[in-house]
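Trainee: Sharing a structure with you now.
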Amino acid sequence: MPAPIRRHLLTDQAADLLQRRLADGEWEVGAKLPGETTLAAELGVGRSTVREALRILAGQGLLRAKQGAGVFVESTGPVVAWETVLRGKAVAEVVEVRNAIEVEAARLAAERATADDVAVMRRALDRRAAEFAAGDRAFVAADIDVHRAVVAAAHNAVLTELFETFVPRLTEAMVDMVDLLGTRSRDPEPDADDHRALVDAIAAGDAEAAVRISRAHLDTMLDAVRRPG
């Protein structure tokens, strides 16, 4: 039997211990957990603490309570803190809006971009690459400048105004995304190939490729923030 908790712990610490037991395979998916009284005795805490800990894990998708039957294991996978889930949802909503704006901007840019527009985009790519050693916020600003150049190359004043109005919200969401996913710790210049390919497609006047690359890039981002952890 696991060693009991011998000092007063908060509910989230009891939940953390139960989660580790799930991760260690003590209970398989579909298994029924021991009752609150048994768990309370094992952990050395009160039944109310156990009850709240079980609710936390149920909220994270690890457990499911069936009225009159008990509490059952839904998943033994890694726990994602509820705060992280909410942050991921907020970022996902911003990425959905990016899809609405930037995919169309990429199509129009491929049809309308001038040589000067392409030069601005390539300079923005160079700045993005140069920011690999800078902080997350500086890197995000350089990344947004690439997308700003693409939007500008669409030569649609309303689309440009819409994007610029969106930039402050976009900046905060992208900084949060970098922190959530840890992308900069794994790759100092994440998605560099996607950005270069997008600019190359626009420079070539290939609207179909520009749309495909832009949509795939944003869809991959959306999938990642919907599955934090």
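Residues are referred to by chain and number: the chain letter is A, B, ... according to the order shown in the structure tokens, the number counts from 1 in that chain, and ligands are numbered separately from 1 in the order shown.
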Using DSSP on the backbone, list every residue of region 37-198 of chain A that comes out as strand (DSSP E), and give them as a list of chain:residue names.
Mentor: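 Selection result, strand (DSSP E) within region 37-198 of chain A: A:Leu63, A:Arg64, A:Ala65, A:Lys66, A:Gly70, A:Val71, A:Phe72, A:Val73.
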Trainee: Can you work out which one of A:His195, A:Arg123, A:Ala216, A:Ala115 has the shortest atom-to-atom distance to His147 (chain A), counting only C-alpha atoms?
Mentor: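 Nearest candidate to His147 (chain A) out of A:His195, A:Arg123, A:Ala216, A:Ala115: A:His195.
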Trainee: Mind checking DSSP for region 67-130 of chain A and telling me the alpha helix (DSSP H) residues as a ChimeraX atom specification?
Mentor: /A:82-112,115-130
Trainee: Which is closer to Ser75 (chain A) than all the others in A:Thr37, A:Gln19, A:Ser48, A:Thr165, using only C-alpha atoms?
Mentor: A:Gln19
Trainee: Would you pick out the contacts of Ala15 (chain A) at 12 Å or less, using only C-alpha atoms, so that residues sharing its chain but fewer than 3 positions from it are not included, and give the list as JSON, numbers by chain?
Mentor: {"A": [9, 10, 11, 12, 18, 19, 20, 21, 22, 39, 40, 43, 45, 49, 50, 51, 52, 53, 54, 55, 56, 57, 58, 59, 60, 62, 63, 79, 81]}
Trainee: What's around Asp194 (chain A) at 7 Å? Count only C-alpha atoms, leave out sequence neighbours fewer than 3 positions away in its own chain, and write the answer as a ChimeraX atom specification.
Mentor: /A:191,197-198,213,217
Trainee: For a test of reading the model, state the distance in Å between CA of Val118 (chain A) and CA of Pro168 (chain A), rounded to one decimal.
Mentor: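 Those two atoms sit 24.5 Å apart.
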Trainee: Suppose you want the space between CA of Asp126 (chain A) and CA of Ala149 (chain A); what is it in Å?
Mentor: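 So the answer is 12.6 Å.
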Trainee: Residues at most 10 Å from region 128-142 of chain A, counting only C-alpha atoms, excluding those fewer than 3 positions away in the same chain, as a list in words?
Mentor: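 The residues that qualify are Arg122, Arg123, Ala124, Leu125, Asp145, Val146, His147, Arg148, Val167, Leu170, Thr171, Glu172, Ala173, Met174, Val175, Asp176, Met177, Val178, Asp179, Thr183, Arg184, Asp187, Pro188, Glu189, Pro190, Ala192 and His195 of chain A.
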Trainee: Write a file of the selected residues as a PDB file, in the first residue's frame, keeping C-alpha atoms.
Mentor:
```pdb
ATOM      1  CA  ARG A 122      12.011  38.607 -47.477  1.00  0.00           C
ATOM      2  CA  ARG A 123      13.462  41.302 -45.207  1.00  0.00           C
ATOM      3  CA  ALA A 124      10.863  40.349 -42.606  1.00  0.00           C
ATOM      4  CA  LEU A 125      11.962  36.711 -42.917  1.00  0.00           C
ATOM      5  CA  ASP A 145       5.944  41.260 -39.169  1.00  0.00           C
ATOM      6  CA  VAL A 146       6.203  38.470 -41.750  1.00  0.00           C
ATOM      7  CA  HIS A 147       2.440  38.002 -41.697  1.00  0.00           C
ATOM      8  CA  ARG A 148       1.886  41.770 -41.705  1.00  0.00           C
ATOM      9  CA  VAL A 167      -2.277  42.629 -33.781  1.00  0.00           C
ATOM     10  CA  LEU A 170      -2.505  38.315 -31.652  1.00  0.00           C
ATOM     11  CA  THR A 171       0.765  39.305 -29.978  1.00  0.00           C
ATOM     12  CA  GLU A 172      -0.386  38.306 -26.507  1.00  0.00           C
ATOM     13  CA  ALA A 173      -1.836  35.024 -27.763  1.00  0.00           C
ATOM     14  CA  MET A 174       1.321  34.080 -29.636  1.00  0.00           C
ATOM     15  CA  VAL A 175       3.547  34.878 -26.659  1.00  0.00           C
ATOM     16  CA  ASP A 176       1.264  32.677 -24.581  1.00  0.00           C
ATOM     17  CA  MET A 177       1.418  29.945 -27.214  1.00  0.00           C
ATOM     18  CA  VAL A 178       5.231  29.937 -27.212  1.00  0.00           C
ATOM     19  CA  ASP A 179       5.129  29.533 -23.442  1.00  0.00           C
ATOM     20  CA  THR A 183       8.471  25.669 -29.055  1.00  0.00           C
ATOM     21  CA  ARG A 184      11.395  28.057 -28.595  1.00  0.00           C
ATOM     22  CA  ASP A 187      13.592  25.054 -31.933  1.00  0.00           C
ATOM     23  CA  PRO A 188      14.795  28.667 -31.733  1.00  0.00           C
ATOM     24  CA  GLU A 189      13.160  29.484 -35.079  1.00  0.00           C
ATOM     25  CA  PRO A 190      10.038  27.285 -35.226  1.00  0.00           C
ATOM     26  CA  ALA A 192      10.943  28.677 -40.486  1.00  0.00           C
ATOM     27  CA  HIS A 195       7.273  30.902 -43.603  1.00  0.00           C
TER      28      HIS A 195
END
```
